[in-house]
Structure formats: C-alpha cells, structure tokens
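Heads up, the thing below is written out as structure tokens.
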Amino acid sequence: DPEVNATRSLLRKYLMPNHKMSSAHVQRGRLAWVLGISALTLLIGGLLTVWLTVRHFQQDLPSVAAIRAIELGEPMRVFTADGLLMAEYGTERRSSVRFDEIPRRVIEAFIAAEDERFMRHHGVDPVGLLRASVRLLQTGERTQGGSTITMQLARNYFLTRERTYDRKIREIFLALRMEEVLSKQQIMESYLNKIYLGERAYGVGAAARVYFGVPVEELSLSQMAVLAGLPKAPSRDNPANNPDRARERRDYVLGRMLALDFIDQERYQAAREEAILVTPEEYTVE
C-alpha cells in the first residue's frame, strides 16, 4: 500500500534518528556520571592520604612548650680576677649573644648566604624546595639548598642530620610549627647561637672569638661574610683549615649581599680586598 509505505518512510526519517540520539545521550550521561564518581573518589582518597600523612609526621613532633624552651648548652668557663677568660671546659665552644647584640650586617650576611626570603616565608620556602628538587632530578644529588634558616634550626635542635625523605618531611612540619610559636627574631637569635661553624665553635659569638679573637659586635664586614659562608661545610671551608675556600665563600656571600642591596659597591669592594687573618682568642679548652 503506498500510504503505508509512505508512513514507514516518515517514521524511519524522523523517529529512528531521534531514538538513536536519545540512546547516545543516555550513554554520554552515564559515562559522565561514572567519571564524576571516579574523580570524587580519587579526590577523597587523596585528601585522606594527605591527612593521614600529616597526622603521622605531626604525632611525634616536639610540643609547643619544648619549642619555646629551647636552651643552649654553655661550657664551664674560668676567668681571672680582672675578668679575662683563662680556660673553657667542654667539647663545644659557645658564647651566646642576644638578638639586640648581633650586628644587623651579621644577620644580613646569613640571610644572603642561607635564606634570602627568610623574612617573607613561614618556615618553608617553596622556591628553594623546587630548586633543590630540580637539582635532585638533574644530578641525583641531595643538597641542603631547599632548607630555610627555620628548617636548619629545626634539624639542629630536634632532628638528626641523616639525609632521608622521612627526616626532610619532619623538618618541614617542624619548621612550620616553629614559625607559629616563635617570632622571626627568636628564630634568628636561636639559629645564630646554635649553628655549627667549625673548630668546635657553635654560634657566631664563639666563632668570632675562635677565628678572629673579637666579640661579634667588632667583626668587620669581611669577617662577617666569612662566618656566614661556613654553614654549608664548616670543617672544609673555615679559614683555619682552608683559607682559599674561606675566601671563595666570603666573596660569594659578599656578592649575594650586594645583589640584595644589603651593601653598596664601595663596601663590597673594600671587604673583598681585606685579608682574612685568623687570630683566635688565646685561652685553653679542656
């Protein structure tokens, strides 16, 4: 029948494509739903993993009270009647100084050498960590380049110096906590009194006397830069053991201070031209 055939043609033309389109739309909807559920599951799983990781590394960190109660071990000293130091007993040389006793240039020298964004970060410097990570991928070497001054302080007080990823993660979490508890001044003061600078000298006060025979406030700019260049390799780079390396490190620190506008070209040049003379304070250490 021509009319029946015409009707079937119309059905095939208009209804069948709509049916196919409707089926494809349903399939796309189901695929989107499955993908959405999968993405949500991955997100929840990732957040849970991060939360468990944070809980794992935070559970054995030192308490707030312990961080606030940071103390330095001072050796026993013997003085003459007129106040001159005769002898010092102990394996570590220390001479603690308060923050307000530390020259601003000393602080700037260590910031330039170790952590130029110290005043801006909150314990961890993402730029420094990224740079250290790129170096690790390129060379396979684990360097200390990603450690801020706060992270170094955290490691020196509460952690070991072993180079493991576990310790690095703990160092990061502890540095973040220390920045919450301590001021920048407290962190810098503790760091400059704790950092090992070679020749059994811990802190800038002791190092100033060990290498140059003067209190920290009498250091020249060149001498400040020498001390600031020591934390990376204090036994290798100190002026008593290796004057050439000490000079290289000093010049590097002075260059960084110039680049950060801590000093001008005239002071930079004068400090570079100054000879590095090791003149330790004369007293015995038992």
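Letters A, B, ... mark the chains of the structure tokens in the order given; residue numbers begin at 1 per chain; ligand numbers begin at 1, in order shown.
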Inset, instruction - Could you give me the residues within stretch 77-258 of chain A that DSSP places in strand (DSSP E), as a ChimeraX atom specification? - result: /A:77-79,85-89,93-94,201-202
Legend entry - Distance query A:Arg247 at most 8 Å, only C-alpha atoms, self and fewer than 5 positions along chain excluded, as a list of chain:residue names: A:Val226, A:Pro239, A:Ile276
Generate the output file for the selected residues, all heavy atoms, as a PDB file, in the first residue's frame.
```pdb
ATOM      1  N   VAL A 226      82.762  35.829  56.070  1.00  0.00           N
ATOM      2  CA  VAL A 226      83.478  34.561  56.256  1.00  0.00           C
ATOM      3  C   VAL A 226      82.642  33.615  57.113  1.00  0.00           C
ATOM      4  O   VAL A 226      82.450  32.438  56.771  1.00  0.00           O
ATOM      5  CB  VAL A 226      84.854  34.790  56.914  1.00  0.00           C
ATOM      6  CG1 VAL A 226      85.463  33.454  57.346  1.00  0.00           C
ATOM      7  CG2 VAL A 226      85.795  35.491  55.950  1.00  0.00           C
ATOM      8  N   PRO A 239      88.457  29.348  57.693  1.00  0.00           N
ATOM      9  CA  PRO A 239      89.742  29.977  57.339  1.00  0.00           C
ATOM     10  C   PRO A 239      90.945  29.356  58.026  1.00  0.00           C
ATOM     11  O   PRO A 239      92.073  29.532  57.553  1.00  0.00           O
ATOM     12  CB  PRO A 239      89.543  31.432  57.782  1.00  0.00           C
ATOM     13  CG  PRO A 239      88.479  31.378  58.829  1.00  0.00           C
ATOM     14  CD  PRO A 239      87.565  30.275  58.410  1.00  0.00           C
ATOM     15  N   ILE A 276      92.117  37.856  54.996  1.00  0.00           N
ATOM     16  CA  ILE A 276      91.486  37.027  56.029  1.00  0.00           C
ATOM     17  C   ILE A 276      92.585  36.524  56.962  1.00  0.00           C
ATOM     18  O   ILE A 276      93.375  35.645  56.594  1.00  0.00           O
ATOM     19  CB  ILE A 276      90.722  35.847  55.403  1.00  0.00           C
ATOM     20  CG1 ILE A 276      89.633  36.356  54.463  1.00  0.00           C
ATOM     21  CG2 ILE A 276      90.123  34.966  56.498  1.00  0.00           C
ATOM     22  CD1 ILE A 276      88.897  35.263  53.726  1.00  0.00           C
TER      23      ILE A 276
END
```
Legend entry - Length of the atom CA of A:Ser190 to atom CA of A:Phe99 vector [Å]: 8.7 Å
Inset, instruction - Please identify all polymer residues within 6 Å of A:Tyr211, counting only C-alpha atoms, omitting same-chain residues fewer than 2 positions from it, and present them as an MDAnalysis selection string. - result: chainID A and resid 207:209 278:280
Inset, instruction - Looking only at helix (DSSP H, G or I) from DSSP on the backbone, list the matching residues of stretch 123-286 of chain A as a PyMOL selection string. - result: chain A and resi 126-139+149-158+165-181+184-194+204-212+216-218+221-228+234-237+243-259+265-273
For stretch 122-127 of chain A: contacts at 9 Å, only C-alpha atoms, fewer than 6 positions along chain excluded, given as a PDB file with N, CA and C atoms, in the first residue's frame:
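The resulting selection_36.pdb:
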```pdb
ATOM      1  N   ASP A 115      69.273  32.065  53.204  1.00  0.00           N
ATOM      2  CA  ASP A 115      67.813  32.089  53.110  1.00  0.00           C
ATOM      3  C   ASP A 115      67.341  33.515  52.813  1.00  0.00           C
ATOM      4  N   GLY A 146      67.370  23.485  49.701  1.00  0.00           N
ATOM      5  CA  GLY A 146      65.977  23.797  49.958  1.00  0.00           C
ATOM      6  C   GLY A 146      65.672  24.107  51.398  1.00  0.00           C
ATOM      7  N   SER A 147      66.668  24.057  52.273  1.00  0.00           N
ATOM      8  CA  SER A 147      66.447  24.260  53.704  1.00  0.00           C
ATOM      9  C   SER A 147      66.490  25.739  54.059  1.00  0.00           C
ATOM     10  N   THR A 148      65.426  26.229  54.668  1.00  0.00           N
ATOM     11  CA  THR A 148      65.412  27.592  55.172  1.00  0.00           C
ATOM     12  C   THR A 148      66.170  27.651  56.498  1.00  0.00           C
ATOM     13  N   ILE A 149      66.389  28.851  56.989  1.00  0.00           N
ATOM     14  CA  ILE A 149      67.027  29.010  58.297  1.00  0.00           C
ATOM     15  C   ILE A 149      66.184  28.335  59.374  1.00  0.00           C
ATOM     16  N   THR A 150      64.868  28.443  59.281  1.00  0.00           N
ATOM     17  CA  THR A 150      63.987  27.796  60.261  1.00  0.00           C
ATOM     18  C   THR A 150      64.100  26.287  60.184  1.00  0.00           C
ATOM     19  N   MET A 151      64.184  25.734  58.976  1.00  0.00           N
ATOM     20  CA  MET A 151      64.340  24.291  58.816  1.00  0.00           C
ATOM     21  C   MET A 151      65.677  23.818  59.367  1.00  0.00           C
ATOM     22  N   ILE A 172      60.174  19.827  57.623  1.00  0.00           N
ATOM     23  CA  ILE A 172      59.230  20.802  57.078  1.00  0.00           C
ATOM     24  C   ILE A 172      58.091  21.067  58.059  1.00  0.00           C
ATOM     25  N   PHE A 173      57.502  20.012  58.588  1.00  0.00           N
ATOM     26  CA  PHE A 173      56.388  20.180  59.522  1.00  0.00           C
ATOM     27  C   PHE A 173      56.843  20.896  60.797  1.00  0.00           C
ATOM     28  N   LEU A 174      58.034  20.549  61.277  1.00  0.00           N
ATOM     29  CA  LEU A 174      58.537  21.183  62.492  1.00  0.00           C
ATOM     30  C   LEU A 174      58.841  22.658  62.245  1.00  0.00           C
ATOM     31  N   ALA A 175      59.384  22.989  61.090  1.00  0.00           N
ATOM     32  CA  ALA A 175      59.658  24.392  60.761  1.00  0.00           C
ATOM     33  C   ALA A 175      58.364  25.202  60.718  1.00  0.00           C
ATOM     34  N   LEU A 176      57.321  24.633  60.147  1.00  0.00           N
ATOM     35  CA  LEU A 176      56.023  25.319  60.109  1.00  0.00           C
ATOM     36  C   LEU A 176      55.497  25.568  61.513  1.00  0.00           C
ATOM     37  N   ARG A 177      55.656  24.581  62.387  1.00  0.00           N
ATOM     38  CA  ARG A 177      55.193  24.742  63.764  1.00  0.00           C
ATOM     39  C   ARG A 177      56.020  25.789  64.500  1.00  0.00           C
ATOM     40  N   MET A 178      57.335  25.776  64.276  1.00  0.00           N
ATOM     41  CA  MET A 178      58.198  26.749  64.951  1.00  0.00           C
ATOM     42  C   MET A 178      57.850  28.170  64.546  1.00  0.00           C
ATOM     43  N   GLU A 179      57.492  28.361  63.281  1.00  0.00           N
ATOM     44  CA  GLU A 179      57.124  29.699  62.824  1.00  0.00           C
ATOM     45  C   GLU A 179      55.821  30.169  63.459  1.00  0.00           C
ATOM     46  N   GLU A 180      54.958  29.226  63.845  1.00  0.00           N
ATOM     47  CA  GLU A 180      53.727  29.593  64.536  1.00  0.00           C
ATOM     48  C   GLU A 180      53.991  29.994  65.981  1.00  0.00           C
TER      49      GLU A 180
END
```
Legend entry - Surrounding residues of A:Ile107 excluding itself and chain neighbours under 3 positions, 9 Å, only C-alpha atoms, as a list in words: Ile102, Pro103, Arg104, Phe110, Ile111, Ala112, Met188, Leu192 and Ala228 of chain A
